[in-house]
Each structure stands twice: as C-alpha cells, then as structure tokens.
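*Asks:* Contents of coords.csv (CSV, C-alpha atoms):
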chain,number,residue,atom,x,y,z
A,10,MET,CA,0.0,0.0,0.0
A,11,TYR,CA,2.7,2.5,1.0
A,12,GLN,CA,5.9,2.8,-1.2
A,13,TYR,CA,9.3,4.0,0.0
A,14,HIS,CA,12.5,5.3,-1.4
A,15,THR,CA,15.6,7.0,0.0
A,16,LEU,CA,17.5,9.5,-2.0
A,17,ASP,CA,21.3,9.4,-2.1
A,18,ASN,CA,21.6,12.3,0.3
A,19,GLY,CA,19.4,10.5,2.9
A,20,ILE,CA,16.1,12.1,2.4
A,21,ARG,CA,13.3,9.5,2.7
A,22,ILE,CA,10.1,9.4,0.6
A,23,VAL,CA,6.9,7.8,1.6
A,24,PHE,CA,3.9,7.6,-0.8
A,25,ARG,CA,0.4,6.3,-1.4
A,26,GLN,CA,-1.2,6.5,-4.7
A,27,THR,CA,-4.9,7.6,-5.0
A,28,ASP,CA,-7.1,8.6,-7.9
A,29,SER,CA,-7.9,12.0,-6.5
A,30,ILE,CA,-7.5,15.1,-8.6
A,31,VAL,CA,-5.7,16.7,-5.6
A,32,THR,CA,-2.3,15.7,-4.3
A,33,HIS,CA,-1.1,16.4,-0.8
A,34,ALA,CA,2.6,16.7,-0.3
A,35,GLY,CA,4.8,17.7,2.7
A,36,VAL,CA,8.2,17.6,4.1
A,37,TYR,CA,8.6,16.5,7.7
A,38,ILE,CA,11.7,17.6,9.5
A,39,GLY,CA,12.7,16.0,12.9
A,40,VAL,CA,13.3,19.3,14.6
A,41,GLY,CA,11.1,21.0,17.0
A,42,SER,CA,11.1,23.1,20.2
A,43,ARG,CA,12.8,20.4,22.2
A,44,HIS,CA,15.9,20.9,20.1
A,45,GLU,CA,16.4,24.5,21.2
A,46,GLN,CA,18.6,25.7,24.0
A,47,GLY,CA,18.4,28.9,26.1
A,48,SER,CA,18.0,32.0,24.1
A,49,GLU,CA,17.0,29.8,21.1
A,50,GLU,CA,13.6,28.9,22.6
A,51,GLY,CA,11.0,29.7,20.1
A,52,ILE,CA,13.4,29.7,17.1
A,53,ALA,CA,12.0,26.5,15.4
A,54,HIS,CA,8.5,28.0,15.3
A,55,PHE,CA,9.9,31.4,14.2
A,56,ILE,CA,11.8,29.7,11.4
A,57,GLU,CA,8.6,27.9,10.3
A,58,HIS,CA,7.1,31.4,9.8
A,59,SER,CA,10.2,33.0,8.3
A,60,ILE,CA,11.1,30.5,5.5
A,61,PHE,CA,8.2,32.0,3.6
A,62,LYS,CA,9.8,35.4,3.6
A,63,GLY,CA,12.4,35.1,0.9
A,64,THR,CA,14.9,32.8,-0.8
A,65,GLU,CA,17.8,33.3,-3.1
A,66,ARG,CA,15.4,33.1,-6.0
A,67,ARG,CA,12.1,34.5,-4.6
A,68,ARG,CA,10.7,37.3,-2.6
A,69,SER,CA,7.9,36.8,-0.1
A,70,TRP,CA,5.1,37.5,-2.5
A,71,HIS,CA,6.4,35.0,-5.1
A,72,ILE,CA,6.6,32.3,-2.4
A,73,ARG,CA,3.0,32.9,-1.4
A,74,ASN,CA,1.7,33.1,-4.9
A,75,ARG,CA,3.6,30.0,-6.1
A,76,ILE,CA,0.9,27.6,-4.7
A,77,ASP,CA,-2.0,30.0,-4.0
A,78,GLY,CA,-1.8,31.2,-7.6
A,79,VAL,CA,-2.9,27.8,-8.9
A,80,GLY,CA,-5.7,27.4,-6.3
A,81,GLY,CA,-3.6,25.4,-3.9
A,82,GLU,CA,-3.0,25.8,-0.2
A,83,LEU,CA,0.4,26.2,1.4
A,84,ASP,CA,1.0,26.0,5.2
A,85,ALA,CA,3.4,24.7,7.9
A,86,PHE,CA,3.4,23.9,11.6
A,87,THR,CA,5.8,23.2,14.4
A,88,THR,CA,5.5,20.7,17.3
A,89,LYS,CA,7.9,19.8,20.1
A,90,GLU,CA,9.6,17.3,17.9
A,91,GLU,CA,8.9,18.1,14.3
A,92,THR,CA,8.4,20.8,11.7
A,93,CYS,CA,6.2,20.2,8.7
A,94,VAL,CA,5.8,22.3,5.5
A,95,TYR,CA,3.0,21.1,3.3
A,96,ALA,CA,0.8,21.9,0.3
A,97,SER,CA,-2.4,20.7,-1.3
A,98,ALA,CA,-2.9,21.4,-5.0
A,99,LEU,CA,-4.2,19.8,-8.2
A,100,SER,CA,-2.0,16.8,-9.0
A,101,GLN,CA,-0.6,18.5,-12.1
A,102,HIS,CA,1.1,21.0,-9.8
A,103,LEU,CA,3.1,18.5,-7.6
A,104,ASP,CA,6.3,19.5,-9.3
A,105,ARG,CA,5.6,23.1,-8.3
A,106,SER,CA,5.0,22.1,-4.7
A,107,LEU,CA,8.2,20.0,-4.3
A,108,GLU,CA,10.4,22.6,-6.0
A,109,LEU,CA,9.1,25.3,-3.6
A,110,PHE,CA,9.7,23.0,-0.6
A,111,ALA,CA,13.3,22.6,-1.6
A,112,ASP,CA,13.8,26.3,-2.2
A,113,ILE,CA,12.5,27.5,1.2
A,114,LEU,CA,14.1,24.7,3.2
A,115,PHE,CA,17.5,25.0,1.7
A,116,HIS,CA,17.8,28.5,0.3
A,117,SER,CA,15.9,30.8,2.6
A,118,THR,CA,17.7,34.2,3.1
A,119,PHE,CA,15.7,35.6,6.0
A,120,PRO,CA,15.6,39.2,4.7
A,121,ALA,CA,16.0,41.6,7.6
A,122,ARG,CA,13.0,43.8,6.8
A,123,GLU,CA,10.7,40.9,6.4
A,124,ILE,CA,12.0,39.2,9.6
A,125,GLU,CA,11.3,42.4,11.6
A,126,LYS,CA,7.7,42.4,10.4
A,127,GLU,CA,7.3,38.7,11.2
A,128,LYS,CA,8.5,39.3,14.7
A,129,ASP,CA,5.4,41.5,15.3
A,130,VAL,CA,3.2,38.7,13.8
A,131,VAL,CA,4.6,36.1,16.2
A,132,VAL,CA,4.5,38.4,19.2
A,133,GLU,CA,0.8,38.9,18.5
A,134,GLU,CA,0.4,35.1,18.2
A,135,ILE,CA,2.0,34.8,21.7
A,136,ASN,CA,-0.4,37.5,23.0
A,137,LEU,CA,-3.4,35.7,21.5
A,138,TYR,CA,-2.2,32.4,23.0
A,139,ARG,CA,-1.8,34.0,26.5
A,140,ASP,CA,-5.3,35.4,26.3
A,141,SER,CA,-6.6,31.8,25.9
A,142,PRO,CA,-6.5,30.0,29.2
A,143,ALA,CA,-7.9,26.8,27.5
A,144,GLU,CA,-4.7,26.7,25.5
A,145,LEU,CA,-2.3,28.2,28.0
A,146,ILE,CA,-3.0,25.6,30.6
A,147,PHE,CA,-1.6,22.7,28.5
A,148,ASP,CA,1.7,24.4,28.1
A,149,GLU,CA,1.9,25.4,31.8
A,150,PHE,CA,1.2,21.8,32.7
A,151,GLU,CA,4.0,20.6,30.6
A,152,GLU,CA,6.4,23.2,31.9
A,153,ARG,CA,5.7,22.0,35.4
A,154,TYR,CA,5.7,18.4,34.5
A,155,PHE,CA,9.0,18.3,32.6
A,156,GLY,CA,10.8,20.9,34.6
A,157,SER,CA,14.3,21.7,33.2
A,158,HIS,CA,13.9,19.1,30.3
A,159,PRO,CA,13.7,20.6,26.8
A,160,LEU,CA,10.2,19.1,26.4
A,161,ALA,CA,9.0,21.7,28.8
A,162,HIS,CA,9.7,24.4,26.2
A,163,ASN,CA,6.8,26.5,25.0
A,164,ILE,CA,6.7,26.1,21.2
A,165,LEU,CA,6.1,29.8,20.6
A,166,GLY,CA,9.0,30.9,22.9
A,167,SER,CA,9.0,34.2,24.7
A,168,LYS,CA,8.5,37.7,23.2
A,169,ARG,CA,11.9,38.6,24.4
A,170,ASN,CA,13.6,35.8,22.5
A,171,VAL,CA,11.6,36.5,19.4
A,172,ARG,CA,12.5,40.1,19.4
A,173,HIS,CA,16.2,39.2,19.5
A,174,PHE,CA,16.4,36.6,16.7
A,175,THR,CA,18.7,37.6,13.8
A,176,PRO,CA,18.9,36.3,10.3
A,177,GLU,CA,22.3,34.9,11.0
A,178,GLN,CA,20.9,33.0,14.0
A,179,LEU,CA,18.1,31.6,11.9
A,180,LYS,CA,20.5,30.5,9.2
A,181,ALA,CA,22.9,28.8,11.7
A,182,PHE,CA,20.0,26.9,13.4
A,183,MET,CA,18.8,25.6,10.0
A,184,ALA,CA,22.2,24.7,8.8
A,185,SER,CA,22.9,22.5,11.8
A,186,ARG,CA,19.4,21.0,12.2
A,187,TYR,CA,17.6,20.9,8.9
A,188,THR,CA,19.8,18.2,7.4
A,189,PRO,CA,18.7,15.5,4.9
A,190,ASP,CA,18.9,12.7,7.3
A,191,ARG,CA,16.2,14.3,9.4
A,192,MET,CA,13.8,14.8,6.5
A,193,VAL,CA,10.9,12.8,5.0
A,194,VAL,CA,9.0,13.8,1.9
A,195,SER,CA,5.4,12.5,2.3
A,196,VAL,CA,3.0,12.4,-0.6
A,197,VAL,CA,-0.6,11.1,-1.0
A,198,GLY,CA,-2.1,11.6,-4.5
A,199,ASN,CA,-2.5,10.8,-8.1
A,200,VAL,CA,1.1,10.4,-9.5
A,201,GLU,CA,3.2,7.5,-10.5
A,202,PHE,CA,5.8,6.5,-7.9
A,203,LYS,CA,8.6,6.6,-10.5
A,204,LYS,CA,7.7,10.1,-11.4
A,205,LEU,CA,7.6,11.2,-7.8
A,206,ILE,CA,11.1,9.7,-7.2
A,207,HIS,CA,12.3,11.6,-10.3
A,208,LEU,CA,10.8,14.9,-9.1
A,209,CYS,CA,12.4,14.4,-5.6
A,210,GLN,CA,15.7,13.6,-7.1
A,211,LYS,CA,15.4,16.7,-9.3
A,212,HIS,CA,14.6,19.1,-6.5
A,213,PHE,CA,16.2,17.5,-3.3
A,214,GLU,CA,19.1,15.2,-4.2
A,215,SER,CA,21.5,18.0,-4.6
A,216,GLN,CA,20.6,19.5,-1.3
A,217,GLY,CA,23.1,18.5,1.4
A,218,ASN,CA,24.4,15.0,1.7
A,219,ALA,CA,24.0,11.8,3.8
A,220,GLU,CA,27.1,12.7,5.8
A,221,GLN,CA,25.7,16.1,6.8
A,222,VAL,CA,25.0,15.2,10.4
A,223,ASN,CA,25.6,17.5,13.4
A,224,VAL,CA,27.2,15.2,15.9
A,225,GLU,CA,27.1,17.8,18.7
A,226,PHE,CA,23.3,18.2,18.1
A,227,GLN,CA,22.8,14.5,18.3
A,228,SER,CA,24.8,14.2,21.5
A,229,SER,CA,23.0,17.0,23.3
A,230,THR,CA,19.6,15.6,22.2
A,231,LEU,CA,20.5,12.1,23.5
A,232,ASN,CA,21.6,13.5,26.9
A,233,SER,CA,18.3,15.4,27.3
A,234,GLN,CA,16.4,12.2,26.5
A,235,LEU,CA,18.2,10.4,29.3
A,236,SER,CA,17.5,13.0,31.9
A,237,ILE,CA,13.7,13.4,32.0
A,238,ARG,CA,12.5,13.9,35.5
A,239,ASN,CA,9.0,14.6,36.6
A,240,SER,CA,7.1,14.8,39.8
A,241,GLN,CA,3.5,15.1,40.9
A,242,PHE,CA,2.0,18.5,41.6
A,243,ASN,CA,-1.4,20.1,42.5
A,244,HIS,CA,-1.5,23.8,41.7
A,245,THR,CA,-4.2,26.4,41.6
A,246,ILE,CA,-3.4,29.6,39.8
A,247,HIS,CA,-5.6,32.7,40.0
A,248,LYS,CA,-6.3,33.9,36.5
A,249,HIS,CA,-9.7,35.6,37.2
A,250,THR,CA,-11.4,33.7,34.4
A,251,HIS,CA,-15.1,33.2,34.1
A,252,GLN,CA,-14.7,29.4,34.2
A,253,VAL,CA,-12.4,27.2,36.2
A,254,HIS,CA,-10.1,25.6,33.6
A,255,MET,CA,-8.8,22.3,34.9
A,256,LEU,CA,-6.3,19.8,33.7
A,257,VAL,CA,-5.6,16.3,35.2
A,258,GLY,CA,-2.8,14.3,33.7
A,259,GLY,CA,0.3,12.3,34.0
A,260,ALA,CA,2.8,9.9,32.3
A,261,ALA,CA,1.7,7.8,29.4
A,262,PRO,CA,3.5,5.4,26.9
A,263,THR,CA,6.1,6.8,24.6
A,264,LEU,CA,5.9,6.4,20.8
A,265,TYR,CA,7.9,3.2,21.1
A,266,ASP,CA,6.3,1.5,24.1
A,267,SER,CA,4.5,-1.8,23.6
A,268,ASP,CA,1.4,-0.7,25.5
A,269,LYS,CA,0.9,2.4,23.3
A,270,THR,CA,-2.0,0.8,21.4
A,271,ALA,CA,-3.7,-0.3,24.6
A,272,PHE,CA,-3.4,3.2,26.0
A,273,THR,CA,-4.7,4.8,22.8
A,274,LEU,CA,-7.9,2.7,23.1
A,275,LEU,CA,-8.1,3.5,26.8
A,276,ASN,CA,-7.8,7.2,26.2
A,277,ASN,CA,-10.5,7.0,23.6
A,278,ILE,CA,-12.8,5.3,26.1
A,279,ILE,CA,-12.1,7.9,28.8
A,280,GLY,CA,-12.6,11.1,26.8
A,281,GLY,CA,-12.2,10.7,23.1
A,282,PRO,CA,-14.2,12.8,20.5
A,283,ALA,CA,-17.3,10.7,20.6
A,284,MET,CA,-20.3,11.8,22.7
A,285,ASN,CA,-20.4,8.4,24.4
A,286,SER,CA,-17.0,8.8,26.1
A,287,ARG,CA,-17.2,8.0,29.8
A,288,LEU,CA,-16.2,11.5,30.9
A,289,ASN,CA,-18.6,13.2,28.5
A,290,VAL,CA,-21.5,11.1,29.8
A,291,ALA,CA,-20.5,11.5,33.5
A,292,VAL,CA,-19.6,15.2,33.6
A,293,ARG,CA,-21.6,16.8,30.8
A,294,GLU,CA,-24.6,14.6,30.0
A,295,ARG,CA,-25.5,13.6,33.6
A,296,GLU,CA,-24.5,16.7,35.5
A,297,GLY,CA,-24.4,19.5,32.9
A,298,PHE,CA,-21.1,20.8,34.4
A,299,CYS,CA,-19.3,21.7,31.2
A,300,TYR,CA,-19.7,22.3,27.5
A,301,SER,CA,-16.9,20.0,26.6
A,302,ILE,CA,-14.5,17.6,28.4
A,303,GLU,CA,-11.8,15.7,26.6
A,304,SER,CA,-8.9,13.4,27.1
A,305,GLN,CA,-5.7,13.7,25.0
A,306,TYR,CA,-2.8,11.3,24.7
A,307,VAL,CA,0.5,12.8,23.4
A,308,PRO,CA,3.3,10.3,22.8
A,309,PHE,CA,6.9,11.7,22.3
A,310,THR,CA,9.9,9.7,21.3
A,311,ASP,CA,11.1,9.3,24.9
A,312,ALA,CA,8.1,10.3,27.0
A,313,GLY,CA,4.4,10.4,27.0
A,314,LEU,CA,1.6,12.4,28.5
A,315,PHE,CA,-2.1,12.3,28.8
A,316,TYR,CA,-4.4,15.1,29.9
A,317,ILE,CA,-8.0,15.4,30.8
A,318,TYR,CA,-9.3,19.0,30.3
A,319,ALA,CA,-12.6,20.7,31.2
A,320,GLY,CA,-13.8,24.2,31.6
A,321,VAL,CA,-16.5,24.3,34.4
A,322,ASP,CA,-18.3,26.7,36.6
A,323,SER,CA,-16.4,27.4,39.8
A,324,ASN,CA,-19.1,25.7,41.9
A,325,ALA,CA,-18.7,22.5,39.9
A,326,ALA,CA,-14.8,22.2,40.0
A,327,ASP,CA,-14.5,20.0,43.0
A,328,ARG,CA,-17.4,17.7,42.0
A,329,SER,CA,-16.0,17.5,38.4
A,330,THR,CA,-12.6,16.4,39.8
A,331,GLU,CA,-14.4,13.7,41.9
A,332,LEU,CA,-16.2,12.4,38.8
A,333,ILE,CA,-13.0,12.3,36.7
A,334,LEU,CA,-11.2,10.3,39.4
A,335,SER,CA,-14.2,8.0,39.8
A,336,GLU,CA,-14.2,7.2,36.1
A,337,LEU,CA,-10.5,6.5,36.2
A,338,ARG,CA,-10.9,4.3,39.2
A,339,ARG,CA,-13.6,2.3,37.5
A,340,LEU,CA,-11.3,1.5,34.6
A,341,ARG,CA,-8.6,0.4,37.0
A,342,ASP,CA,-10.9,-1.7,39.2
A,343,ILE,CA,-13.4,-3.2,36.7
A,344,PRO,CA,-12.3,-4.9,33.5
A,345,LEU,CA,-14.3,-4.2,30.4
A,346,THR,CA,-16.8,-6.9,29.4
A,347,PRO,CA,-16.1,-8.6,26.0
A,348,ARG,CA,-19.1,-6.6,24.6
A,349,GLN,CA,-17.8,-3.3,25.9
A,350,LEU,CA,-14.3,-4.0,24.6
A,351,ARG,CA,-15.6,-4.9,21.1
A,352,ALA,CA,-17.7,-1.8,21.0
A,353,ALA,CA,-14.7,0.4,22.0
A,354,GLN,CA,-12.5,-1.4,19.4
A,355,GLU,CA,-15.0,-0.8,16.6
A,356,GLN,CA,-15.4,2.8,17.6
A,357,LEU,CA,-11.7,3.6,17.4
A,358,ILE,CA,-11.3,1.6,14.2
A,359,GLY,CA,-14.1,3.7,12.6
A,360,GLN,CA,-12.6,7.0,13.9
A,361,MET,CA,-9.3,6.1,12.4
A,362,ALA,CA,-10.8,5.2,9.0
A,363,ILE,CA,-12.7,8.5,8.9
A,364,ASN,CA,-9.5,10.5,9.8
A,365,ASN,CA,-7.5,8.6,7.2
A,366,ASP,CA,-10.2,9.3,4.5
A,367,SER,CA,-8.7,12.8,4.3
A,368,GLY,CA,-5.7,12.8,2.0
A,369,LEU,CA,-4.2,15.7,3.9
A,370,ASN,CA,-4.5,13.9,7.3
A,371,GLU,CA,-3.1,10.7,5.8
A,372,MET,CA,-0.1,12.6,4.3
A,373,GLN,CA,0.7,14.1,7.6
A,374,SER,CA,0.2,10.8,9.5
A,375,ILE,CA,2.5,8.8,7.2
A,376,GLY,CA,5.1,11.5,7.1
A,377,LYS,CA,5.4,11.5,10.9
A,378,ALA,CA,5.3,7.7,11.1
A,379,CYS,CA,8.1,7.3,8.5
A,380,LEU,CA,10.2,9.9,10.3
A,381,ASN,CA,10.0,8.0,13.6
A,382,PHE,CA,9.6,4.4,12.5
A,383,GLU,CA,11.1,4.2,8.9
A,384,HIS,CA,7.8,2.6,7.8
A,385,VAL,CA,4.0,3.1,8.1
A,386,ASP,CA,1.5,0.6,9.4
A,387,THR,CA,-1.5,0.2,7.1
A,388,LEU,CA,-5.0,0.6,8.5
A,389,ASP,CA,-5.4,-3.2,8.4
A,390,GLU,CA,-2.3,-3.6,10.5
A,391,MET,CA,-3.4,-1.0,13.0
A,392,ASN,CA,-6.9,-2.6,13.2
A,393,ARG,CA,-5.3,-6.0,13.8
A,394,ASP,CA,-3.4,-4.6,16.8
A,395,ILE,CA,-6.5,-3.0,18.2
A,396,LEU,CA,-8.6,-6.1,17.8
A,397,ALA,CA,-5.9,-8.2,19.5
A,398,LEU,CA,-6.3,-6.2,22.8
A,399,THR,CA,-7.9,-8.0,25.7
A,400,PRO,CA,-9.8,-6.6,28.8
A,401,ALA,CA,-6.7,-7.5,30.8
A,402,ASP,CA,-4.5,-5.4,28.5
A,403,LEU,CA,-6.6,-2.3,29.1
A,404,GLN,CA,-6.9,-2.9,32.8
A,405,GLU,CA,-3.2,-3.3,33.2
A,406,ALA,CA,-2.6,0.0,31.3
A,407,ALA,CA,-5.2,1.7,33.5
A,408,ARG,CA,-3.7,0.4,36.7
A,409,HIS,CA,-0.3,1.6,35.6
A,410,TYR,CA,-1.0,5.0,34.1
A,411,LEU,CA,-4.3,6.0,35.7
A,412,HIS,CA,-3.2,5.4,39.2
A,413,PRO,CA,-3.5,8.4,41.6
A,414,ASP,CA,0.3,8.3,42.2
A,415,ASN,CA,0.7,9.2,38.5
A,416,LEU,CA,-1.7,12.1,38.4
A,417,SER,CA,-1.0,15.8,38.6
A,418,PHE,CA,-3.6,18.7,38.8
A,419,LEU,CA,-3.6,22.2,37.5
A,420,TYR,CA,-6.5,24.7,37.9
A,421,TYR,CA,-7.0,28.2,36.6
A,422,VAL,CA,-9.5,30.0,38.7
Just give me the structure of the file as structure tokens.

*Replies:*
Amino acid sequence: MYQYHTLDNGIRIVFRQTDSIVTHAGVYIGVGSRHEQGSEEGIAHFIEHSIFKGTERRRSWHIRNRIDGVGGELDAFTTKEETCVYASALSQHLDRSLELFADILFHSTFPAREIEKEKDVVVEEINLYRDSPAELIFDEFEERYFGSHPLAHNILGSKRNVRHFTPEQLKAFMASRYTPDRMVVSVVGNVEFKKLIHLCQKHFESQGNAEQVNVEFQSSTLNSQLSIRNSQFNHTIHKHTHQVHMLVGGAAPTLYDSDKTAFTLLNNIIGGPAMNSRLNVAVREREGFCYSIESQYVPFTDAGLFYIYAGVDSNAADRSTELILSELRRLRDIPLTPRQLRAAQEQLIGQMAINNDSGLNEMQSIGKACLNFEHVDTLDEMNRDILALTPADLQEAARHYLHPDNLSFLYYV
C-alpha cells in the first residue's frame, strides 16, 4: 500500500497513490522546540514562519503566490519534535510544490526587513495564546511536569527571545538541524511513484548529503532524553477567568512503548471525541457541568503524557474532579466486558478510518510515522493490533497510568 525510497543524500520518501485530482505533499523535519537551548527557545517556530519570507530566488510575494496562484494551499506547523511544510494542490502541480519546498528549506535568506515584520506577527500570536486559558493551561502543565527538560519548552517561545532573533541566528540553526537525514517527503495523491522519485531527485538530491549530520546536536539531544525527571503536583493559579479551567494528567506510553495501542484505546474510552466517552457522559450529560470535556494522549519519542481537560463553573470544579477520578478508578478496578471491549474497538477503528479518509490527514500521518519508524502501518495492520487487545491489557494499562500516584492537577480559577 505504501511505497518508500531513500535519496542518495538520505532524504526519505513515503507515498500512497490515489485517484484524487488533488495531491497532498509535505516535508517532515525531525526538529522542534525540544531541540532549542536557552535564548534559542521559540526559534524553530519562528523559522517555520520565516522560511516563507524570501529565498535566493524568490521574494515573499512570489513564495505565497507559487501555490496560492494555482488554487492550492500552502502551510506549515511546528511541534515539540517536528516541523512540517505542506501543500495541497491539483495533482498536475506537484512539481511546483516540491520545488518550492526545496527552495524554502535549503535556500531561505531571511531578509532583515521581512523578519522584523514577522516578529510583530509572532508576538501577536503569543499575546493571543496568552489570552486563551484553554490553550495556555496545557503548556503550563508541561512546563511544570517536565521541569528543566527541553520538552518543557513552549513552542512559541518568549516575546523577548523572538525580538532578539537575527537572520544569522536563523541560518545557523537551520544549517545545523535541517539536514537531509532528518527529512521525510510525504505524498498522497495521483502520481506514478517513479515520477515522484524523479521529481524528488530533481529538487532534493543536490541539497546537502547523507554525511551532513551534526554530531554535537545528536549528542545533546540524547543527553536530554536520558535526563527526563518529573514529579506530581497540584497547583491552583488565579487567572480571574469566568470558568475554572482544569487539567488532570500524567505519564503515558512513549511512541515506542509496547502498550501504546492499549493506552490509545483506553484514552478514547475515557474522553475521546465521541459523545459516548465516559467523561462526556458522566460530567456533561448527567450533570451538565461543562460544554466539553476531553482526554488527550500525546506520545513523544522518549516520554508520553495524557491530559483530561474541562472548563467548568467554579461551583462545579470539586465535583467534576471527583467524577473524573471516579471514572479512572472504574477503569482500574473493573475490567471491560467482552461486549464493551468490542464496541470500543469498533469505535476507534471507525474513527481512524474517517480520519484517514482525508488525504491531507493521511499525508501528515504517514510522514510522521516514517520519520519515527522508517515505515508506516496500514489501517489493516493497526486494526489488527487494536482487535488483539484484551480486557486484561486495558486494565493493566489503566492500573499503571491512571493510578492516583501518576496524576497531577492544574487549575486556573
């Protein structure tokens, strides 16, 4: 189903052919906010903005118009461990997308005037984010949880850091981090695989080489991975918000842990997107305490976190916490019946199929998978792993990760 190729310079390609008239393409780079140090914090996200501001061949307007001008969409995002640049356009314009990716990733010039304007844009993004307690609480939780570890870094960085970034600093960070061995070209669309390889060779193979690896960067990253420390906390912070924003969470499996699939299903049962999740039924439907309540599972390469978030009236905060802990205790103490397990399995399988039905979602999913695992599991393979789970598997994961000794609490009041 998925096809793979590695260019001579180390850039990997992952591809699935479809009959759609639209092709989705992106480049995943294994660099995010966790790879920053000190005054660099926020630089990966700022670079994601700034690579669209000018290259050796193009000005900012020409970059924007290159995909937009043919009715396509160009965008990018940064996480704690990756950066992704991607585009969706008619399949006949794939060459245009790939050529632009290579240009902005390897030939950005960061013109000073454009960079100064973009600093204002990012500062306003930081202000907007700080005005949203429902978003801010997640980052504050991670800062407290990870402490001095780089995973604690806020992706946006500080306004002070952003104001002090220079074009030379951006170029140096890219030169040492954005190397071919950390890149994956991901494509889902209507193109022959041989043609895709040819296009990638044409635009990417001359960029860098397989030996272009920053040993110092690799060493510092490994050391940070080996020094993760976390401890429980229970903090209430006065933000003078209309609601109480509450977050309950703790450690969860990493990307590579064998119980990742079990916890993924467990998380979906707890507070997944469906209206029949246990927390939605217990806290919203039965009590009417909140508009929405959700559980998220975020696996990193060497750590994992899960969070339960809700925004509730101040008079309902204590009772909502009790209900959350009660539902977690039920999952620890009472194994699912075979019927309950089968229903949960079918629900997750269906959700995954719907998500994968979007070519853009699939392109991003397989790009990240190839970056971290060198290959991509098909839906059939993932379904097989989900259906192989037993009630004992889920109860074991619940007892390990949903135990009170693993939980921390953060409240904005």

*Asks:* Quick check, in Å to one decimal: how far apart do CA of Ile246 in chain A and CA of Phe315 in chain A lie?

*Replies:*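 Rounded to one decimal, the two atoms are 20.5 Å apart.
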
*Asks:* Please, what distance in Å, to one decimal, runs between CA of Glu45 in chain A and CA of Glu127 in chain A?

*Replies:* 19.6 Å

*Asks:* Measure the distance from CA of His44 in chain A to CA of Asp266 in chain A in Å and round it to one decimal.

*Replies:*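 Calculated distance between CA of His44 in chain A and CA of Asp266 in chain A is 22.0 Å.
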
*Asks:* Which residue is closest to Gly19 in chain A? Choose from A:Gln210, A:Thr92, A:Thr346, A:Gln46 and count all atoms listed in the file.

*Replies:* A:Gln210

*Asks:* For Ile60 in chain A, which residue out of A:Pro347, A:Pro159, A:Pro120, A:Pro400 is the nearest one, using only C-alpha atoms?

*Replies:*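 Looking only at the distances to Ile60 in chain A, the closest residue turns out to be A:Pro120.
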
*Asks:* If we count all atoms listed in the file, what is near Gln178 in chain A at a cut-off of 9 Å, once residues fewer than 5 positions away on the same chain are taken out, given as a PyMOL selection string?

*Replies:* chain A and resi 49+52+183

*Asks:* Using only C-alpha atoms, please write the residues we just selected to a file, as a compact mmCIF listing (two decimals), in the coordinates of the input.

*Replies:*
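Below you can see result12.txt, which holds the result:
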# COMPACT_ATOMS: atom_id res chain seq x y z
CA GLU A 49 17.00 29.80 21.10
CA ILE A 52 13.40 29.70 17.10
CA MET A 183 18.80 25.60 10.00

*Asks:* Which one is closest to Gly258 in chain A: A:His33, A:His207, A:Arg293, A:His412? Count only C-alpha atoms.

*Replies:*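 Counting only C-alpha atoms, the residue closest to Gly258 in chain A is A:His412.
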
*Asks:* Contacts of range 75-80 of chain A at 9 Å or less, counting all atoms listed in the file, minus same-chain residues fewer than 3 places along, as JSON, numbers by chain?

*Replies:* {"A": [70, 71, 72, 83, 96, 97, 98, 99, 102, 105, 106, 109]}

*Asks:* Nearest to Gly259 in chain A among A:Ile375, A:Met10, A:Val196, A:Leu416, with distances taken over all atoms listed in the file: which residue is it?

*Replies:* A:Leu416

*Asks:* Report as a ChimeraX atom specification all protein, DNA and RNA residues lying within 9 Å of Glu303 in chain A, evaluated on all atoms listed in the file, omitting residues in the same chain fewer than 2 positions from it.

*Replies:* /A:279-282,286,288-289,301,305,316-319

*Asks:* Would you be able to write out as a PDB file with C-alpha atoms, in the frame of the given file which residues have an atom within 12 Å of (-13.8, 29.1, 38.0) in the file's coordinates, counting all atoms listed in the file?

*Replies:*
ATOM      1  CA  PRO A 142      -6.500  30.000  29.200  1.00  0.00           C
ATOM      2  CA  THR A 245      -4.200  26.400  41.600  1.00  0.00           C
ATOM      3  CA  ILE A 246      -3.400  29.600  39.800  1.00  0.00           C
ATOM      4  CA  HIS A 247      -5.600  32.700  40.000  1.00  0.00           C
ATOM      5  CA  LYS A 248      -6.300  33.900  36.500  1.00  0.00           C
ATOM      6  CA  HIS A 249      -9.700  35.600  37.200  1.00  0.00           C
ATOM      7  CA  THR A 250     -11.400  33.700  34.400  1.00  0.00           C
ATOM      8  CA  HIS A 251     -15.100  33.200  34.100  1.00  0.00           C
ATOM      9  CA  GLN A 252     -14.700  29.400  34.200  1.00  0.00           C
ATOM     10  CA  VAL A 253     -12.400  27.200  36.200  1.00  0.00           C
ATOM     11  CA  HIS A 254     -10.100  25.600  33.600  1.00  0.00           C
ATOM     12  CA  MET A 255      -8.800  22.300  34.900  1.00  0.00           C
ATOM     13  CA  PHE A 298     -21.100  20.800  34.400  1.00  0.00           C
ATOM     14  CA  CYS A 299     -19.300  21.700  31.200  1.00  0.00           C
ATOM     15  CA  ALA A 319     -12.600  20.700  31.200  1.00  0.00           C
ATOM     16  CA  GLY A 320     -13.800  24.200  31.600  1.00  0.00           C
ATOM     17  CA  VAL A 321     -16.500  24.300  34.400  1.00  0.00           C
ATOM     18  CA  ASP A 322     -18.300  26.700  36.600  1.00  0.00           C
ATOM     19  CA  SER A 323     -16.400  27.400  39.800  1.00  0.00           C
ATOM     20  CA  ASN A 324     -19.100  25.700  41.900  1.00  0.00           C
ATOM     21  CA  ALA A 325     -18.700  22.500  39.900  1.00  0.00           C
ATOM     22  CA  ALA A 326     -14.800  22.200  40.000  1.00  0.00           C
ATOM     23  CA  ASP A 327     -14.500  20.000  43.000  1.00  0.00           C
ATOM     24  CA  SER A 329     -16.000  17.500  38.400  1.00  0.00           C
ATOM     25  CA  TYR A 420      -6.500  24.700  37.900  1.00  0.00           C
ATOM     26  CA  TYR A 421      -7.000  28.200  36.600  1.00  0.00           C
ATOM     27  CA  VAL A 422      -9.500  30.000  38.700  1.00  0.00           C
TER      28      VAL A 422
END
